[in-house]
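Working notes for the structure below.
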Amino acid sequence: MCIAERVILTKDAEASIKAKIESGSDENVTMLHKLMIDYANSVLNKRDLTYQKVGKRLLDVSVEAANRIIACSYAYRMTGDGKYLTKAEKDINTVCDFKDWNAPTHFLDGAEMAHGVGIGYDWLYNELSKETRKKAEKAIQNYAFYCALNNKWNLNFYTTASNWNQVCNGGLVTAAVAVYEACKTDAQKIIDKAIESNAKVMETIYNPDGNYPEGYGYWGYGTAFECIMLSALETCTGSNSGLSEIAGFKKTGKWIMFMEGMNKKAFNYSDCAPSSVAFAPLWYLAWKFNDPSLVYIENLKLKDGRYNSTGAYKYYPMAIVYADKLNAGKVQAPSDHVWSGNGINPVALVHGDWSFSDSDKFLGVKAGRANYSHGHMDVGSFVYDAMGVRWSADLGLQSYSTIENVIAGMGGNFSDFGQNSLRWDVFRYNNFNHSTLTINNAKHKASAEAKITKVIDEETSKGCKVDMSDILSDQCDKAYRTVTIENNKDLVVVDEISAKYNLQAKVRWTMVTTGQPTVEKDRIVL
């Protein structure tokens, strides 16, 4: 017999959360709890999930299944109302009756499903029928564990330094600790492989400073599953085998805070949308590293509705557990105004008064490279918010479901990051359509790198200097870009370009904006 109610939401955590909800002593816990109950209520009468792929992906179905099962399992644990148990068990049976979880074709789909079914199995174990438990155990083993342990995948997530490693391992480990007694040998293999592979990947993507190379949105996806995995290991085994001690991981919460701009927008370089969203993993990170300031912006998001408008309800029970442990109360705004980090995609970020009002300002500048997961030719690009307006913007991602098929039909591969890939002909992906420099109408060198050579954090000047020489080395000898906010008033961009002795340098200066431009004599006015 399995030991139930041990994954993240333990019996002790459940009792503590219930006490705070009944007493109304913690506003954050109460608000997060209400969001979960409201969402659970909203899915009670939804029709059964169906096996329906979009292109090669079953991901939308897997995510909805995880959201439904986890929300209703949580609601049953907190209220004891049988309607939530009935709905969760029905959804578990539905997805476990699928022919597969699409893991060999797109492994994220199987990992997401294993996460949802594993949580539901653990949290409702004693109330689920024996038949449902057996069906869940069989599906997790056949549709997830077997695929992982026998290399049945479209991408080897064990060696991939991206969110895939975190999401796939996080989903698998959560399921493994849930059904451990039912399949000890395979479950232990899953856990051991996850710890070994994840340690290496975490060093690559978080070190040295915590800035996530795939950008804002993928930090939310990868780090959420990272924290879920760590929490599952800690609550079930008492240890995460040192994974949380990775230097950059300890710093990553500060980076994501600095990535938040004005008007509910973020710095959305790479394949990321501009909207600022709720980040449940910050509650875990704030507790883990004893830094309540990390949830300063999450407190604002709870109050302004960003936690209501997300498809990530599956993460909220983790947020509730650590909000309960944290006792954050009223958190003060950060005292520093400039953040910079190195790594695969270095960035420099500047915040004004942290009020997120019209008096506040935000600047984000990107260095790094294009040929990395979800990369664009966006080195040297910047976003700038002031007076309540995003003046310099990033267009963000193109829908994969449309562009993959188009490029494949032209004989290309959207996932090819080589210099001649058709990926770089997509409007949103090349340097012509980012706020950066282009010389002689040439694309940036995809394999080249740019570094931040100077961080400027003075009373009257805040920003950075980027060496773009390698990126543009086919067309010029040297290229430097300095972007600063001067006197908390003006954005100043200075570009220094040295042409090759035998090649003219025709410079195109681009700024992407949602403002309406007019030409007035010698200037463009927004």
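Residues in the structure tokens are named by chain (A, B, ... in the order shown) and by number from 1 within that chain; ligands are numbered from 1 in the order shown.
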Shell of 7 Å around stretch 365-382 of chain A, only C-alpha atoms, local chain residues under 2 positions omitted, as a PyMOL selection string
chain A and resi 162+214+270-271+344-349+363+384+392+417+429-431+434-436+444+446-452+466+481
Would you output that residue set with N, CA, C and O atoms, as a tab-separated table (two decimals), in the first residue's frame?
```tsv
chain	number	residue	atom	x	y	z
A	162	SER	N	17.68	23.04	-21.34
A	162	SER	CA	16.55	23.93	-21.58
A	162	SER	C	15.43	23.57	-20.62
A	162	SER	O	15.56	22.65	-19.79
A	214	GLU	N	16.52	31.20	-21.92
A	214	GLU	CA	15.36	31.12	-22.82
A	214	GLU	C	14.36	32.25	-22.58
A	214	GLU	O	13.35	32.35	-23.27
A	270	SER	N	13.73	36.60	-26.83
A	270	SER	CA	13.54	35.20	-27.25
A	270	SER	C	12.06	34.93	-27.53
A	270	SER	O	11.31	35.86	-27.79
A	271	ASP	N	11.66	33.68	-27.46
A	271	ASP	CA	10.28	33.30	-27.81
A	271	ASP	C	9.32	33.57	-26.67
A	271	ASP	O	8.65	32.64	-26.19
A	344	ILE	N	24.70	32.50	-20.76
A	344	ILE	CA	24.47	32.29	-22.18
A	344	ILE	C	23.86	33.53	-22.84
A	344	ILE	O	24.27	33.93	-23.94
A	345	ASN	N	22.90	34.15	-22.19
A	345	ASN	CA	22.29	35.38	-22.69
A	345	ASN	C	22.35	36.47	-21.62
A	345	ASN	O	21.40	36.67	-20.86
A	346	PRO	N	23.48	37.19	-21.53
A	346	PRO	CA	23.59	38.26	-20.53
A	346	PRO	C	22.57	39.36	-20.76
A	346	PRO	O	22.22	39.68	-21.90
A	347	VAL	N	22.09	39.93	-19.68
A	347	VAL	CA	21.17	41.07	-19.76
A	347	VAL	C	21.53	42.08	-18.68
A	347	VAL	O	22.14	41.74	-17.66
A	348	ALA	N	21.13	43.33	-18.92
A	348	ALA	CA	21.19	44.37	-17.90
A	348	ALA	C	19.79	44.96	-17.78
A	348	ALA	O	19.11	45.19	-18.79
A	349	LEU	N	19.35	45.19	-16.54
A	349	LEU	CA	17.98	45.63	-16.26
A	349	LEU	C	18.01	46.80	-15.30
A	349	LEU	O	18.75	46.78	-14.32
A	363	LEU	N	14.13	49.61	-18.07
A	363	LEU	CA	15.01	49.39	-19.22
A	363	LEU	C	15.56	47.98	-19.16
A	363	LEU	O	16.04	47.53	-18.12
A	384	TYR	N	12.02	49.66	-23.41
A	384	TYR	CA	12.05	50.83	-22.54
A	384	TYR	C	10.63	51.28	-22.24
A	384	TYR	O	9.82	51.51	-23.14
A	392	SER	N	10.11	51.41	-26.61
A	392	SER	CA	10.84	50.43	-27.41
A	392	SER	C	10.35	49.05	-27.00
A	392	SER	O	10.34	48.71	-25.80
A	417	PHE	N	19.12	26.14	-35.91
A	417	PHE	CA	19.63	27.45	-35.51
A	417	PHE	C	20.88	27.84	-36.30
A	417	PHE	O	21.58	28.77	-35.93
A	429	TYR	N	11.94	36.94	-36.12
A	429	TYR	CA	13.12	36.27	-35.59
A	429	TYR	C	14.45	36.91	-35.97
A	429	TYR	O	15.45	36.69	-35.29
A	430	ASN	N	14.50	37.70	-37.05
A	430	ASN	CA	15.80	38.23	-37.46
A	430	ASN	C	16.04	39.62	-36.89
A	430	ASN	O	15.18	40.23	-36.26
A	431	ASN	N	17.25	40.13	-37.11
A	431	ASN	CA	17.66	41.41	-36.51
A	431	ASN	C	16.99	42.62	-37.16
A	431	ASN	O	16.95	43.70	-36.57
A	434	HIS	N	14.05	43.78	-34.72
A	434	HIS	CA	14.31	44.00	-33.30
A	434	HIS	C	14.97	45.37	-33.13
A	434	HIS	O	15.50	45.93	-34.10
A	435	SER	N	14.95	45.88	-31.94
A	435	SER	CA	15.54	47.19	-31.67
A	435	SER	C	17.05	47.06	-31.54
A	435	SER	O	17.63	47.16	-30.45
A	436	THR	N	17.69	46.85	-32.70
A	436	THR	CA	19.13	46.63	-32.69
A	436	THR	C	19.76	47.18	-33.97
A	436	THR	O	19.11	47.92	-34.72
A	444	HIS	N	22.56	38.97	-38.45
A	444	HIS	CA	23.56	38.75	-37.42
A	444	HIS	C	24.16	37.35	-37.55
A	444	HIS	O	23.49	36.44	-38.05
A	446	ALA	N	24.66	33.95	-36.29
A	446	ALA	CA	23.87	33.18	-35.33
A	446	ALA	C	24.73	32.54	-34.25
A	446	ALA	O	24.30	32.40	-33.10
A	447	SER	N	25.94	32.15	-34.59
A	447	SER	CA	26.80	31.44	-33.64
A	447	SER	C	27.70	32.36	-32.84
A	447	SER	O	28.42	31.91	-31.93
A	448	ALA	N	27.68	33.67	-33.15
A	448	ALA	CA	28.55	34.63	-32.46
A	448	ALA	C	27.94	35.02	-31.11
A	448	ALA	O	26.76	34.75	-30.84
A	449	GLU	N	28.73	35.68	-30.28
A	449	GLU	CA	28.27	36.05	-28.95
A	449	GLU	C	28.60	37.51	-28.65
A	449	GLU	O	29.59	38.04	-29.14
A	450	ALA	N	27.75	38.12	-27.85
A	450	ALA	CA	27.99	39.48	-27.38
A	450	ALA	C	28.00	39.49	-25.87
A	450	ALA	O	27.20	38.80	-25.24
A	451	LYS	N	28.88	40.27	-25.29
A	451	LYS	CA	28.99	40.35	-23.83
A	451	LYS	C	28.72	41.77	-23.35
A	451	LYS	O	28.92	42.74	-24.10
A	452	ILE	N	28.27	41.87	-22.13
A	452	ILE	CA	28.14	43.17	-21.48
A	452	ILE	C	29.50	43.51	-20.90
A	452	ILE	O	30.01	42.80	-20.02
A	466	VAL	N	27.39	47.11	-24.40
A	466	VAL	CA	27.42	45.78	-25.00
A	466	VAL	C	28.43	45.78	-26.15
A	466	VAL	O	28.41	46.68	-27.01
A	481	ARG	N	27.48	49.14	-28.27
A	481	ARG	CA	26.22	49.85	-27.99
A	481	ARG	C	26.14	50.13	-26.49
A	481	ARG	O	26.30	49.21	-25.67
```
So that I can see what lies close to A:Lys443, please list as a PyMOL selection string the residues with an atom at most 10 Å from it, counting only C-alpha atoms and leaving out residues fewer than 3 positions away in the same chain.
chain A and resi 377+419-420+424-425+430-432+437-440+446+471-472+474-475
Writer output for current selection, N, CA, C and O atoms, as a compact mmCIF listing (two decimals), in the first residue's frame:
```
# COMPACT_ATOMS: atom_id res chain seq x y z
N MET A 377 17.55 36.66 -33.37
CA MET A 377 18.69 37.52 -33.67
C MET A 377 18.41 38.89 -33.04
O MET A 377 18.16 39.88 -33.74
N GLN A 419 23.24 29.29 -39.47
CA GLN A 419 23.21 30.60 -40.11
C GLN A 419 22.25 30.67 -41.29
O GLN A 419 21.59 31.69 -41.51
N ASN A 420 22.13 29.59 -42.04
CA ASN A 420 21.31 29.60 -43.24
C ASN A 420 19.91 29.03 -43.03
O ASN A 420 19.19 28.76 -43.99
N TRP A 424 15.53 32.16 -39.64
CA TRP A 424 15.93 33.56 -39.60
C TRP A 424 15.27 34.40 -40.69
O TRP A 424 15.49 35.62 -40.76
N ASP A 425 14.46 33.77 -41.55
CA ASP A 425 13.68 34.53 -42.52
C ASP A 425 12.30 34.90 -41.96
O ASP A 425 11.58 35.68 -42.60
N ASN A 430 14.50 37.70 -37.05
CA ASN A 430 15.80 38.23 -37.46
C ASN A 430 16.04 39.62 -36.89
O ASN A 430 15.18 40.23 -36.26
N ASN A 431 17.25 40.13 -37.11
CA ASN A 431 17.66 41.41 -36.51
C ASN A 431 16.99 42.62 -37.16
O ASN A 431 16.95 43.70 -36.57
N PHE A 432 16.43 42.46 -38.37
CA PHE A 432 15.77 43.59 -39.02
C PHE A 432 14.56 44.07 -38.22
O PHE A 432 14.11 45.20 -38.38
N LEU A 437 21.02 46.84 -34.21
CA LEU A 437 21.76 47.33 -35.37
C LEU A 437 21.86 46.27 -36.46
O LEU A 437 22.01 45.08 -36.17
N THR A 438 21.78 46.73 -37.71
CA THR A 438 22.02 45.87 -38.88
C THR A 438 23.01 46.61 -39.77
O THR A 438 22.87 47.81 -39.99
N ILE A 439 23.98 45.89 -40.28
CA ILE A 439 24.98 46.52 -41.14
C ILE A 439 24.98 45.84 -42.50
O ILE A 439 25.03 44.60 -42.58
N ASN A 440 24.90 46.65 -43.54
CA ASN A 440 24.90 46.17 -44.93
C ASN A 440 23.79 45.16 -45.20
O ASN A 440 23.95 44.22 -45.99
N ALA A 446 24.66 33.95 -36.29
CA ALA A 446 23.87 33.18 -35.33
C ALA A 446 24.73 32.54 -34.25
O ALA A 446 24.30 32.40 -33.10
N ILE A 471 29.15 39.61 -33.21
CA ILE A 471 27.86 39.43 -33.90
C ILE A 471 27.89 40.05 -35.30
O ILE A 471 27.30 39.52 -36.25
N LEU A 472 28.59 41.18 -35.43
CA LEU A 472 28.62 41.94 -36.69
C LEU A 472 29.97 41.84 -37.40
O LEU A 472 30.26 42.62 -38.31
N ASP A 474 31.31 40.06 -39.65
CA ASP A 474 31.39 39.92 -41.11
C ASP A 474 31.30 41.26 -41.82
O ASP A 474 31.74 41.39 -42.97
N GLN A 475 30.73 42.26 -41.15
CA GLN A 475 30.42 43.52 -41.81
C GLN A 475 31.18 44.72 -41.28
O GLN A 475 31.24 45.76 -41.93
```
For A:Val29, find every residue with an atom within 8 Å (counting only C-alpha atoms), except residues of its own chain fewer than 3 positions away, and show them as a PyMOL selection string.
chain A and resi 17+20-21+26+32-33+320+323-324
Applying 10 Å and only C-alpha atoms, which residues near A:Gln516 remain after dropping the ones on its own chain fewer than 6 positions away? List them as a list of chain:residue names.
A:Trp391, A:Ile524, A:Val525, A:Leu526
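All residues within stretch 224-270 of chain A that the backbone DSSP calculation assigns to helix (DSSP H, G or I) are Ala224, Phe225, Glu226, Cys227, Ile228, Met229, Leu230, Ser231, Ala232, Leu233, Glu234, Thr235, Cys236, Thr237, Leu243, Ser244, Glu245, Ala247, Gly248, Phe249, Lys250, Lys251, Thr252, Gly253, Lys254, Trp255, Ile256, Met257 and Phe258 of chain A.
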Using only C-alpha atoms for the distances, tell me which of A:Lys265, A:Arg523, A:Lys288, A:Lys87 is nearest to A:Cys227.
A:Lys288
Using only C-alpha atoms, can you tell me which of A:Ile456, A:Val63, A:Cys168, A:Leu44 comes closest to A:Leu85?
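Of A:Ile456, A:Val63, A:Cys168, A:Leu44, the one nearest A:Leu85 is A:Leu44, counting only C-alpha atoms.
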Go ahead and compute the interatomic distance for atom CA of A:Ser340 and atom CA of A:Tyr212, in Å to one decimal.
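Going from atom CA of A:Ser340 over to atom CA of A:Tyr212 covers 12.1 Å.
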